[in-house]
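Colleague: run.txt is reproduced in full below (compact mmCIF, C-alpha atoms).
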# COMPACT_ATOMS: atom_id res chain seq x y z
CA MET A 1 32.45 -30.52 -19.55
CA ASP A 2 29.73 -33.17 -19.47
CA CYS A 3 29.61 -36.46 -21.41
CA LYS A 4 27.61 -34.91 -24.23
CA GLU A 5 30.18 -32.21 -24.87
CA ILE A 6 33.03 -34.67 -24.48
CA GLN A 7 31.57 -37.16 -26.93
CA GLN A 8 30.94 -34.44 -29.49
CA GLN A 9 34.64 -33.63 -29.39
CA LEU A 10 36.00 -37.12 -28.87
CA GLU A 11 36.91 -37.77 -32.49
CA ARG A 12 38.70 -34.45 -32.89
CA TYR A 13 40.58 -35.30 -29.72
CA PHE A 14 41.45 -38.76 -31.00
CA ASP A 15 42.53 -37.27 -34.34
CA ARG A 16 44.70 -34.66 -32.61
CA GLU A 17 42.66 -31.87 -34.12
CA LEU A 18 41.47 -30.27 -30.89
CA PRO A 19 42.93 -27.01 -29.50
CA LEU A 20 45.28 -27.50 -26.55
CA SER A 21 42.93 -25.87 -24.03
CA ASP A 22 40.11 -28.30 -24.89
CA LYS A 23 42.45 -31.29 -24.89
CA ARG A 24 43.34 -30.84 -21.24
CA ALA A 25 39.73 -30.66 -20.08
CA LEU A 26 38.86 -33.67 -22.18
CA ALA A 27 41.81 -35.71 -20.93
CA GLU A 28 40.78 -34.95 -17.34
CA HIS A 29 37.23 -36.12 -18.01
CA LEU A 30 38.45 -39.32 -19.66
CA LYS A 31 40.43 -40.24 -16.57
CA ARG A 32 37.21 -40.26 -14.56
CA CYS A 33 34.58 -41.44 -17.04
CA GLY A 34 34.50 -45.09 -18.03
CA GLU A 35 31.87 -44.59 -20.69
CA CYS A 36 33.72 -41.87 -22.60
CA SER A 37 37.07 -43.63 -22.27
CA GLY A 38 35.33 -46.80 -23.52
CA LEU A 39 34.29 -44.90 -26.65
CA LEU A 40 37.84 -43.69 -27.09
CA ASN A 41 39.01 -47.30 -26.85
CA GLY A 42 36.52 -48.18 -29.58
CA LEU A 43 37.92 -45.47 -31.86
CA ASN A 44 41.39 -46.72 -31.15
CA ALA A 45 40.43 -50.32 -31.80
CA ILE A 46 39.31 -49.32 -35.29
CA HIS A 47 42.52 -47.40 -35.89
CA VAL A 48 44.67 -50.32 -34.79
CA ALA A 49 42.70 -52.86 -36.79
CA LEU A 50 42.82 -50.77 -39.97
CA ASN A 51 46.57 -50.46 -39.65
CA LYS A 52 47.18 -54.05 -38.75
CA GLN A 53 49.35 -55.82 -41.33
CA ALA A 54 48.72 -53.03 -43.83
CA VAL A 55 45.65 -54.85 -45.16
CA PHE A 56 43.73 -51.73 -46.01
CA SER A 57 44.70 -48.93 -48.33
CA VAL A 58 43.05 -46.15 -50.23
CA PRO A 59 41.91 -46.88 -53.81
CA ALA A 60 44.55 -46.55 -56.57
CA GLY A 61 42.93 -43.50 -58.16
CA LEU A 62 42.89 -41.70 -54.85
CA LYS A 63 46.51 -42.65 -54.21
CA ARG A 64 47.47 -40.93 -57.43
CA ARG A 65 45.66 -37.80 -56.27
CA VAL A 66 47.43 -38.01 -52.91
CA ARG A 67 50.83 -38.39 -54.55
CA ARG A 68 50.12 -35.41 -56.79
CA GLN A 69 49.08 -33.42 -53.73
CA LEU A 70 52.26 -34.50 -51.91
CA ARG A 71 54.41 -33.35 -54.81
CA ASP A 72 52.58 -30.02 -54.93
CA ASN A 73 52.94 -29.60 -51.18
CA ALA A 74 56.63 -30.49 -51.28
CA ALA A 75 57.21 -27.88 -53.95
CA GLU A 76 55.24 -25.37 -51.90
CA ASN A 77 57.18 -26.25 -48.74
CA ASN A 78 60.48 -25.82 -50.53
CA ARG A 79 59.47 -22.29 -51.42
CA LEU A 80 57.85 -21.22 -48.17
CA GLY A 81 59.16 -23.46 -45.40
CA VAL A 82 56.85 -25.46 -43.20
CA VAL A 83 54.98 -24.62 -40.04
CA LEU A 84 53.55 -27.83 -38.66
CA PRO A 85 50.38 -27.95 -36.61
CA TRP A 86 52.15 -30.72 -34.71
CA MET A 87 54.40 -28.19 -33.04
CA GLY A 88 51.52 -27.06 -30.87
CA PHE A 89 50.42 -30.56 -30.13
CA SER A 90 50.11 -31.76 -26.56
CA GLY A 91 52.40 -34.63 -25.71
CA GLY A 92 49.96 -35.67 -23.01
CA VAL A 93 47.35 -36.52 -25.58
CA ALA A 94 49.89 -38.45 -27.62
CA ALA A 95 50.78 -40.33 -24.48
CA LEU A 96 47.19 -41.18 -23.71
CA VAL A 97 46.39 -42.31 -27.21
CA SER A 98 49.62 -44.27 -27.50
CA LEU A 99 49.07 -45.90 -24.15
CA ILE A 100 45.74 -47.23 -25.30
CA THR A 101 47.26 -48.22 -28.63
CA TRP A 102 50.01 -50.07 -26.84
CA GLY A 103 47.46 -51.97 -24.76
CA MET A 104 45.47 -52.96 -27.81
CA LEU A 105 48.54 -53.85 -29.83
CA SER A 106 49.92 -56.01 -27.08
CA PHE A 107 46.61 -57.78 -27.11
CA VAL A 108 46.61 -58.56 -30.82
CA SER A 109 50.25 -58.62 -31.84
CA PRO A 110 51.97 -61.75 -33.16
CA PRO A 111 54.88 -63.44 -31.34
CA ALA A 112 58.17 -61.59 -31.26
CA GLY A 113 60.46 -61.93 -34.27
CA SER A 114 63.54 -59.79 -34.68
CA THR A 115 64.84 -58.68 -31.30
CA VAL A 116 66.22 -55.39 -32.58
CA LEU A 117 63.02 -54.63 -34.48
CA ASN A 118 60.96 -55.25 -31.35
CA GLU A 119 63.28 -53.07 -29.31
CA ILE A 120 62.97 -50.27 -31.86
CA VAL A 121 59.17 -50.48 -31.84
CA SER A 122 59.16 -50.51 -28.02
CA ALA A 123 61.55 -47.56 -27.82
CA HIS A 124 59.40 -45.58 -30.27
CA ILE A 125 56.19 -46.28 -28.37
CA ARG A 126 57.91 -45.61 -25.05
CA SER A 127 58.99 -42.18 -26.27
CA LEU A 128 55.34 -41.36 -27.03
CA ILE A 129 53.83 -42.93 -23.92
CA VAL A 130 55.99 -41.22 -21.35
CA ASP A 131 55.73 -37.86 -23.11
CA HIS A 132 59.48 -37.95 -23.62
CA ILE A 133 59.93 -37.55 -27.33
CA THR A 134 62.96 -35.28 -27.05
CA ASP A 135 65.68 -34.65 -24.46
CA ILE A 136 66.64 -31.58 -26.41
CA ALA A 137 63.89 -29.94 -28.44
CA SER A 138 65.36 -27.88 -31.24
CA ALA A 139 64.95 -27.44 -34.97
CA ASP A 140 68.58 -26.34 -35.23
CA GLN A 141 70.94 -29.10 -36.32
CA HIS A 142 73.86 -27.09 -34.89
CA THR A 143 72.22 -27.35 -31.46
CA VAL A 144 71.12 -30.97 -31.61
CA LYS A 145 74.30 -32.44 -33.11
CA PRO A 146 76.70 -31.03 -30.46
CA TRP A 147 74.28 -32.07 -27.72
CA PHE A 148 75.10 -35.72 -28.46
CA LYS A 149 78.84 -35.07 -28.09
CA GLY A 150 80.12 -36.31 -24.75
CA ARG A 151 77.08 -38.51 -24.37
CA LEU A 152 77.97 -40.95 -27.15
CA ASP A 153 81.22 -42.34 -28.52
CA PHE A 154 80.30 -41.60 -32.14
CA ALA A 155 79.27 -38.52 -34.13
CA VAL A 156 75.54 -38.43 -34.84
CA PRO A 157 74.51 -37.11 -38.26
CA VAL A 158 71.76 -34.53 -37.72
CA THR A 159 70.18 -32.62 -40.56
CA ASP A 160 67.30 -30.20 -40.59
CA LEU A 161 65.01 -31.24 -43.42
CA THR A 162 62.38 -28.55 -42.88
CA GLY A 163 62.79 -27.53 -46.49
CA HIS A 164 61.67 -31.01 -47.51
CA GLY A 165 58.71 -31.04 -45.12
CA PHE A 166 60.44 -33.07 -42.40
CA PRO A 167 61.34 -30.53 -39.70
CA LEU A 168 63.89 -31.55 -37.10
CA LEU A 169 62.16 -31.73 -33.70
CA GLY A 170 65.16 -32.58 -31.54
CA GLY A 171 67.26 -35.39 -30.12
CA ARG A 172 67.06 -37.94 -27.35
CA MET A 173 69.26 -40.53 -25.72
CA ASP A 174 67.80 -44.03 -25.80
CA TYR A 175 68.86 -47.56 -25.05
CA VAL A 176 68.74 -50.37 -27.63
CA GLN A 177 70.69 -53.62 -27.88
CA HIS A 178 72.29 -53.08 -24.47
CA ARG A 179 73.88 -49.82 -25.46
CA ALA A 180 73.18 -46.09 -25.50
CA VAL A 181 71.98 -44.92 -28.90
CA ALA A 182 71.00 -41.60 -30.43
CA ALA A 183 67.40 -40.89 -31.37
CA VAL A 184 67.01 -38.03 -33.84
CA ILE A 185 63.39 -36.98 -34.12
CA TYR A 186 61.69 -35.56 -37.19
CA GLY A 187 58.08 -34.51 -37.72
CA ARG A 188 55.68 -34.83 -40.61
CA ARG A 189 52.24 -33.35 -40.05
CA ALA A 190 50.99 -35.04 -36.84
CA HIS A 191 53.47 -37.91 -37.12
CA VAL A 192 56.56 -38.40 -34.99
CA ILE A 193 59.50 -40.11 -36.69
CA ASN A 194 62.26 -41.57 -34.54
CA VAL A 195 65.59 -42.26 -36.25
CA PHE A 196 67.76 -44.41 -34.01
CA VAL A 197 71.47 -44.33 -34.78
CA TRP A 198 74.40 -46.34 -33.41
CA PRO A 199 77.60 -47.86 -34.80
CA SER A 200 77.20 -50.92 -37.03
CA ASP A 201 79.32 -54.03 -36.70
CA ASP A 202 80.81 -53.51 -40.14
CA GLY A 203 81.42 -50.44 -42.24
CA ALA A 204 79.71 -51.84 -45.32
CA TYR A 205 76.88 -50.04 -47.03
CA HIS A 206 73.52 -51.76 -46.93
CA ALA A 207 70.41 -50.86 -48.82
CA ILE A 208 67.22 -49.73 -47.15
CA LYS A 209 65.03 -52.48 -45.79
CA ALA A 210 61.44 -51.81 -44.87
CA GLU A 211 59.33 -53.79 -42.46
CA SER A 212 56.07 -53.28 -40.64
CA ARG A 213 55.42 -54.20 -37.07
CA ARG A 214 52.40 -53.43 -34.89
CA GLY A 215 51.15 -50.84 -37.35
CA TYR A 216 54.48 -49.02 -37.52
CA HIS A 217 56.77 -48.88 -40.54
CA VAL A 218 60.45 -49.43 -39.92
CA PHE A 219 63.22 -48.59 -42.41
CA ARG A 220 66.78 -49.59 -41.66
CA TRP A 221 70.06 -49.14 -43.40
CA SER A 222 73.78 -48.86 -42.68
CA ASP A 223 76.15 -46.25 -43.95
CA ALA A 224 79.66 -45.10 -43.05
CA GLY A 225 79.94 -47.35 -40.01
CA LEU A 226 76.57 -46.37 -38.55
CA GLN A 227 73.27 -48.18 -38.60
CA TYR A 228 69.99 -46.31 -38.84
CA TRP A 229 66.59 -47.56 -37.73
CA MET A 230 63.76 -45.21 -38.66
CA ILE A 231 60.24 -45.81 -37.33
CA SER A 232 56.89 -44.05 -37.55
CA ASP A 233 53.22 -44.58 -38.28
CA LEU A 234 53.67 -42.26 -41.27
CA ASN A 235 52.96 -43.88 -44.65
CA GLU A 236 55.74 -45.79 -46.40
CA ILE A 237 55.98 -43.46 -49.40
CA GLU A 238 56.94 -40.45 -47.32
CA LEU A 239 59.15 -42.49 -45.00
CA GLU A 240 61.06 -43.79 -47.98
CA GLN A 241 61.47 -40.20 -49.12
CA LEU A 242 62.92 -39.27 -45.72
CA ALA A 243 65.22 -42.30 -45.73
CA GLY A 244 66.56 -41.20 -49.11
CA LEU A 245 67.13 -37.66 -47.85
CA LEU A 246 68.89 -38.88 -44.70
CA ARG A 247 71.12 -41.24 -46.63
CA GLY A 248 72.08 -38.46 -49.03
CA GLU A 249 72.66 -35.93 -46.28
CA ALA A 250 74.48 -38.31 -43.95
CA SER A 251 76.94 -39.35 -46.63
CA GLU A 252 78.08 -35.78 -47.22
CA PRO A 253 78.31 -34.27 -43.74
CA ARG A 254 81.65 -32.53 -44.15
CA ARG A 255 80.75 -30.66 -47.28
CA ARG A 256 77.41 -29.59 -45.85
CA ASN A 257 78.64 -28.68 -42.39
CA LEU A 258 81.76 -26.72 -43.28
CA PRO A 259 81.68 -23.35 -41.53
CA SER A 260 81.48 -20.47 -43.94
CA GLY A 261 84.41 -18.69 -42.29
CA MET B 1 26.78 -57.42 -17.93
CA ALA B 2 23.69 -55.58 -16.76
CA HIS B 3 24.93 -52.11 -17.58
CA SER B 4 22.29 -49.52 -17.98
CA GLN B 5 22.87 -48.15 -21.44
CA GLN B 6 21.31 -44.80 -21.95
CA ASP B 7 22.34 -42.73 -24.91
CA VAL B 8 23.89 -39.43 -23.97
CA ALA B 9 21.70 -36.79 -25.57
CA GLY B 10 23.61 -35.03 -28.34
CA SER B 11 26.42 -37.58 -28.40
CA PRO B 12 27.27 -38.98 -31.83
CA PHE B 13 27.73 -42.42 -30.26
CA PRO B 14 25.07 -44.87 -29.07
CA ALA B 15 25.75 -45.77 -25.43
CA SER B 16 25.91 -49.45 -26.27
CA LEU B 17 29.22 -48.89 -28.05
CA ALA B 18 30.93 -48.01 -24.79
CA SER B 19 29.70 -51.09 -23.01
CA ASN B 20 32.55 -53.48 -23.61
CA PRO B 21 35.60 -51.97 -25.21
CA GLU B 22 37.72 -55.08 -24.73
CA LEU B 23 35.41 -57.29 -26.68
CA LEU B 24 34.89 -54.55 -29.20
CA ALA B 25 38.63 -54.31 -29.68
CA ARG B 26 38.91 -58.05 -30.14
CA SER B 27 36.16 -58.10 -32.70
CA SER B 28 37.54 -55.14 -34.60
CA THR B 29 40.86 -56.87 -35.05
CA GLU B 30 39.24 -59.46 -37.24
CA THR B 31 40.25 -58.50 -40.72
CA ALA B 32 37.44 -60.30 -42.48
CA ALA B 33 34.84 -58.52 -40.39
CA LEU B 34 36.42 -55.16 -41.08
CA ILE B 35 36.55 -55.76 -44.81
CA GLU B 36 32.90 -56.68 -44.69
CA ALA B 37 32.07 -53.54 -42.76
CA LEU B 38 34.15 -51.35 -45.06
CA GLU B 39 32.49 -52.79 -48.14
CA ARG B 40 29.15 -51.61 -46.84
CA LEU B 41 30.40 -48.04 -46.61
CA PRO B 42 29.84 -45.64 -49.53
CA VAL B 43 33.17 -44.96 -51.22
CA GLU B 44 33.25 -41.28 -50.20
CA PHE B 45 33.08 -42.33 -46.54
CA ARG B 46 35.59 -45.13 -46.99
CA GLU B 47 38.20 -42.92 -48.64
CA VAL B 48 38.00 -40.29 -45.90
CA LEU B 49 38.31 -42.98 -43.23
CA LEU B 50 41.36 -44.58 -44.84
CA LEU B 51 43.05 -41.26 -45.59
CA ARG B 52 42.79 -40.42 -41.90
CA GLU B 53 43.31 -43.77 -40.21
CA VAL B 54 45.82 -45.43 -42.52
CA GLU B 55 47.53 -42.53 -44.27
CA GLY B 56 47.42 -40.13 -41.31
CA TYR B 57 46.31 -36.97 -43.08
CA SER B 58 44.80 -34.07 -41.16
CA TYR B 59 41.22 -32.95 -41.71
CA LYS B 60 42.50 -29.97 -43.68
CA GLU B 61 44.67 -32.11 -45.93
CA ILE B 62 41.88 -34.61 -46.55
CA ALA B 63 39.55 -31.74 -47.44
CA GLU B 64 42.06 -30.62 -50.08
CA ILE B 65 42.62 -34.13 -51.43
CA VAL B 66 38.98 -35.09 -51.84
CA ASP B 67 37.92 -31.51 -52.55
CA VAL B 68 35.17 -31.09 -49.96
CA PRO B 69 34.83 -28.67 -47.01
CA GLN B 70 36.56 -29.64 -43.76
CA GLY B 71 33.19 -29.99 -42.01
CA THR B 72 32.18 -32.60 -44.57
CA VAL B 73 35.40 -34.52 -43.90
CA MET B 74 34.58 -34.56 -40.18
CA SER B 75 31.01 -35.69 -40.66
CA ARG B 76 31.98 -38.41 -43.16
CA LEU B 77 34.72 -39.65 -40.88
CA SER B 78 32.36 -39.71 -37.93
CA ARG B 79 29.70 -41.59 -39.86
CA ALA B 80 32.24 -44.07 -41.19
CA ARG B 81 33.56 -44.80 -37.72
CA ARG B 82 30.10 -45.08 -36.22
CA HIS B 83 29.16 -47.50 -38.98
CA LEU B 84 32.21 -49.67 -38.26
CA LEU B 85 31.68 -49.58 -34.52
CA GLU B 86 28.01 -50.44 -34.80
CA TYR B 87 28.65 -53.16 -37.35
CA LEU B 88 31.36 -54.77 -35.27
CA SER B 89 29.39 -54.39 -32.08
CA ASN B 90 26.34 -56.08 -33.63
CA ARG B 91 28.54 -58.80 -35.06
CA LEU B 92 29.97 -59.42 -31.64
CA LYS B 93 26.49 -59.69 -30.16
CA ARG B 94 25.56 -62.25 -32.81
CA GLU B 95 28.71 -64.22 -32.08
CA ASN B 96 27.98 -64.23 -28.37
CA ALA B 97 24.36 -65.21 -28.94
CA GLY B 98 25.61 -68.06 -31.13
CA GLY B 99 27.78 -69.32 -28.29
CA LEU B 100 31.09 -68.44 -29.99
Could I get this structure in the form of structure tokens?

Modeller:
Amino acid sequence: MDCKEIQQQLERYFDRELPLSDKRALAEHLKRCGECSGLLNGLNAIHVALNKQAVFSVPAGLKRRVRRQLRDNAAENNRLGVVLPWMGFSGGVAALVSLITWGMLSFVSPPAGSTVLNEIVSAHIRSLIVDHITDIASADQHTVKPWFKGRLDFAVPVTDLTGHGFPLLGGRMDYVQHRAVAAVIYGRRAHVINVFVWPSDDGAYHAIKAESRRGYHVFRWSDAGLQYWMISDLNEIELEQLAGLLRGEASEPRRRNLPSG
Amino acid sequence: MAHSQQDVAGSPFPASLASNPELLARSSTETAALIEALERLPVEFREVLLLREVEGYSYKEIAEIVDVPQGTVMSRLSRARRHLLEYLSNRLKRENAGGL
């Protein structure tokens, strides 16, 4: 592929809309070509800037249309199940794009605040950069949940929310706050959502708190002796929906997981 | 700084936009400049850009939301981005010429 062909496809590549076969050729070219990778950096700079501090949003009227569409889609998904285009998505491309994003974000980001929050953001980005989103890739909660046993000293709530449009993508071991933690990964369209779970210091219930950092939204809450940190670049409305689903599901694991026999 | 900047025939991007991504990135992080650039965009371009970049919808989903063909979404998105890149790039040149 020459520069002309590459540049004609660059935006689809950046938007993760390119077929896998084309992505590989394009990624190879970008490694060698400073001009084309410079253009990709420009696209990424715009993306990062538009997401910085959540300054920009779509007009109110359009938001209403989007919400209506989301409700319609959710109803449709509940009836038919969801097949995400993300499932065929190349992790290598995610890694490349995230790597550039990370570079840009490091360049513009404010001084560190909450240590845990920073660690969560770093762990999320790291999972994308090194193409290591899951240790175990499975949409089956009965595969992912037992996988954590023996690796962690607590039971990790894992629920497949495909019916709600948040398919389970798998699980991963990670390291936050000087301890091993569980990362349960969900998908939503092209977005990756990491839910980090580890025991909380107290067993009290805490409400959801939402924060934004480096263009990512983070929701955190505690329930039944565990703390949950959920992070993604997905919009806050849908993340809040997922947080609600996880809190509801996680609080009733026994009833939901009882074997039928 | 003496890069030869020849447009690649058929590319949607002017070659000048690839000349200095670092400075371009720095300029594009300036919120005021971005707001200014966005305000100059027709609303149908702006909404497609924000639905993709901020809300993260796919081309197909955006096409359904704004009720236009997917090809129109792609061309609007491309024009919106090119507009922002060119605007910010020109702004940066003016800043540099002004000794900022």

Colleague: How many Å lie between atom CA of Glu5 of chain A and atom CA of Ile46 of chain A, rounded to one decimal?

Modeller: 22.0 Å

Colleague: Quick check, in Å to one decimal: how far apart do atom CA of Ile208 of chain A and atom CA of Asp223 of chain A lie?

Modeller: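 Between atom CA of Ile208 of chain A and atom CA of Asp223 of chain A the gap works out to 10.1 Å.
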
Colleague: Name the residues in contact with segment 54-64 of chain B at a cut-off of 8 Å, using all atoms listed in the file, excluding same-chain residues fewer than 2 positions from it; report them as an NGL selection string.

Modeller: (:A and (15 or 17 or 47 or 50-51 or 56-57 or 189-191 or 233-235)) or (:B and (48-52 or 66-70 or 72-74))

Colleague: Interatomic distance between atom CA of Leu168 of chain A and atom CA of Pro199 of chain A?

Modeller: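 According to the coordinates, atom CA of Leu168 of chain A and atom CA of Pro199 of chain A are separated by 21.4 Å.
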
Colleague: Do you know which residues are at most 10 Å from segment 38-41 of chain B counting all atoms listed in the file, after dropping those on the same chain fewer than 3 positions away, and could you put them as a ChimeraX atom specification?

Modeller: /A:56 /B:32-35,44-47,49-50,79-81,83-84,87

Colleague: Could you check the closest approach to chain A for each of B:Pro42, B:Asn90, B:Glu95, B:Leu85 and tell me which residue wins, using all atoms listed in the file?

Modeller: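 Checking each of B:Pro42, B:Asn90, B:Glu95, B:Leu85 against chain A, counting all atoms listed in the file, the winner is B:Leu85.
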
Colleague: When distances are computed from only C-alpha atoms, which of A:Gln7, A:Ser212, A:Gln177, A:Ser127 shows the smallest separation from chain B?

Modeller: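 Under the stated criterion, the closest residue is A:Gln7.
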
Colleague: Which residue, A:Lys31, A:Lys149, A:Arg172, A:Arg24, has the smallest gap to Val184 of chain A when you use all atoms listed in the file?

Modeller: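 Among the listed residues, A:Arg172 lies closest to Val184 of chain A.
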
Colleague: Using only C-alpha atoms, which of the listed residues (B:Leu88, B:Gly71, B:Leu77, B:Glu53) sits closest to chain A?

Modeller: B:Glu53

Colleague: Could you tell me which of B:Arg91, B:Glu36, B:Asn96, B:Ile65 comes closest to chain A if we count all atoms listed in the file?

Modeller: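 So, comparing all the options, the nearest one is B:Ile65.
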
Colleague: Counting only C-alpha atoms, figure out which residue out of A:His29, A:Ala155, A:Asn118, A:Val48 gets nearest to chain B.

Modeller: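 The answer is A:Val48, which sits nearest to chain B.
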
Colleague: Centre and edge lengths, as JSON, for the axis-aligned box enclosing every listed atom of segment 61-71 of chain B with 5 Å of padding on each of the six sides, in Å to one decimal?

Modeller:
{"center_x": 38.9, "center_y": -31.9, "center_z": -47.3, "size_x": 21.5, "size_y": 16.4, "size_z": 20.5}

Colleague: Can you save segment 36-44 of chain B of the given block to a file, including all heavy atoms and formatted as a compact mmCIF listing (two decimals), in the first residue's frame?

Modeller:
# COMPACT_ATOMS: atom_id res chain seq x y z
N GLU B 36 -13.51 27.49 19.19
CA GLU B 36 -13.55 28.41 18.06
C GLU B 36 -13.67 27.64 16.74
O GLU B 36 -14.48 27.98 15.87
CB GLU B 36 -12.27 29.23 18.08
CG GLU B 36 -12.37 30.59 17.45
CD GLU B 36 -11.05 31.33 17.62
OE1 GLU B 36 -10.57 31.43 18.76
OE2 GLU B 36 -10.48 31.77 16.60
N ALA B 37 -12.85 26.61 16.62
CA ALA B 37 -12.86 25.81 15.39
C ALA B 37 -14.18 25.08 15.21
O ALA B 37 -14.73 25.02 14.11
CB ALA B 37 -11.70 24.80 15.42
N LEU B 38 -14.71 24.56 16.31
CA LEU B 38 -15.99 23.83 16.24
C LEU B 38 -17.14 24.75 15.86
O LEU B 38 -18.04 24.37 15.12
CB LEU B 38 -16.30 23.18 17.59
CG LEU B 38 -15.61 21.85 17.89
CD1 LEU B 38 -15.87 21.42 19.32
CD2 LEU B 38 -16.09 20.77 16.93
N GLU B 39 -17.08 25.98 16.37
CA GLU B 39 -18.15 26.93 16.07
C GLU B 39 -18.22 27.27 14.59
O GLU B 39 -19.28 27.66 14.09
CB GLU B 39 -17.95 28.21 16.89
CG GLU B 39 -18.44 28.06 18.32
CD GLU B 39 -18.11 29.28 19.17
OE1 GLU B 39 -17.39 30.17 18.69
OE2 GLU B 39 -18.57 29.32 20.31
N ARG B 40 -17.11 27.12 13.92
CA ARG B 40 -17.09 27.43 12.49
C ARG B 40 -17.60 26.27 11.64
O ARG B 40 -17.73 26.40 10.43
CB ARG B 40 -15.66 27.78 12.07
CG ARG B 40 -15.24 29.14 12.59
CD ARG B 40 -13.73 29.30 12.55
NE ARG B 40 -13.35 30.51 13.25
CZ ARG B 40 -13.04 31.65 12.66
NH1 ARG B 40 -13.08 31.74 11.35
NH2 ARG B 40 -12.71 32.70 13.36
N LEU B 41 -17.83 25.15 12.29
CA LEU B 41 -18.31 23.98 11.55
C LEU B 41 -19.83 24.00 11.45
O LEU B 41 -20.51 24.28 12.44
CB LEU B 41 -17.94 22.70 12.31
CG LEU B 41 -16.62 22.01 12.01
CD1 LEU B 41 -16.45 20.83 12.96
CD2 LEU B 41 -16.57 21.54 10.57
N PRO B 42 -20.39 23.67 10.28
CA PRO B 42 -21.85 23.52 10.19
C PRO B 42 -22.30 22.45 11.18
O PRO B 42 -21.58 21.49 11.43
CB PRO B 42 -22.06 23.05 8.75
CG PRO B 42 -20.84 23.47 8.02
CD PRO B 42 -19.72 23.44 9.01
N VAL B 43 -23.52 22.62 11.72
CA VAL B 43 -23.97 21.76 12.81
C VAL B 43 -24.00 20.28 12.41
O VAL B 43 -23.69 19.40 13.22
CB VAL B 43 -25.35 22.23 13.35
CG1 VAL B 43 -26.43 22.05 12.31
CG2 VAL B 43 -25.70 21.52 14.64
N GLU B 44 -24.32 19.99 11.13
CA GLU B 44 -24.40 18.58 10.74
C GLU B 44 -23.02 17.91 10.75
O GLU B 44 -22.91 16.70 10.92
CB GLU B 44 -25.09 18.41 9.37
CG GLU B 44 -24.41 19.09 8.21
CD GLU B 44 -24.98 20.49 7.96
OE1 GLU B 44 -25.43 21.11 8.95
OE2 GLU B 44 -24.93 20.96 6.82
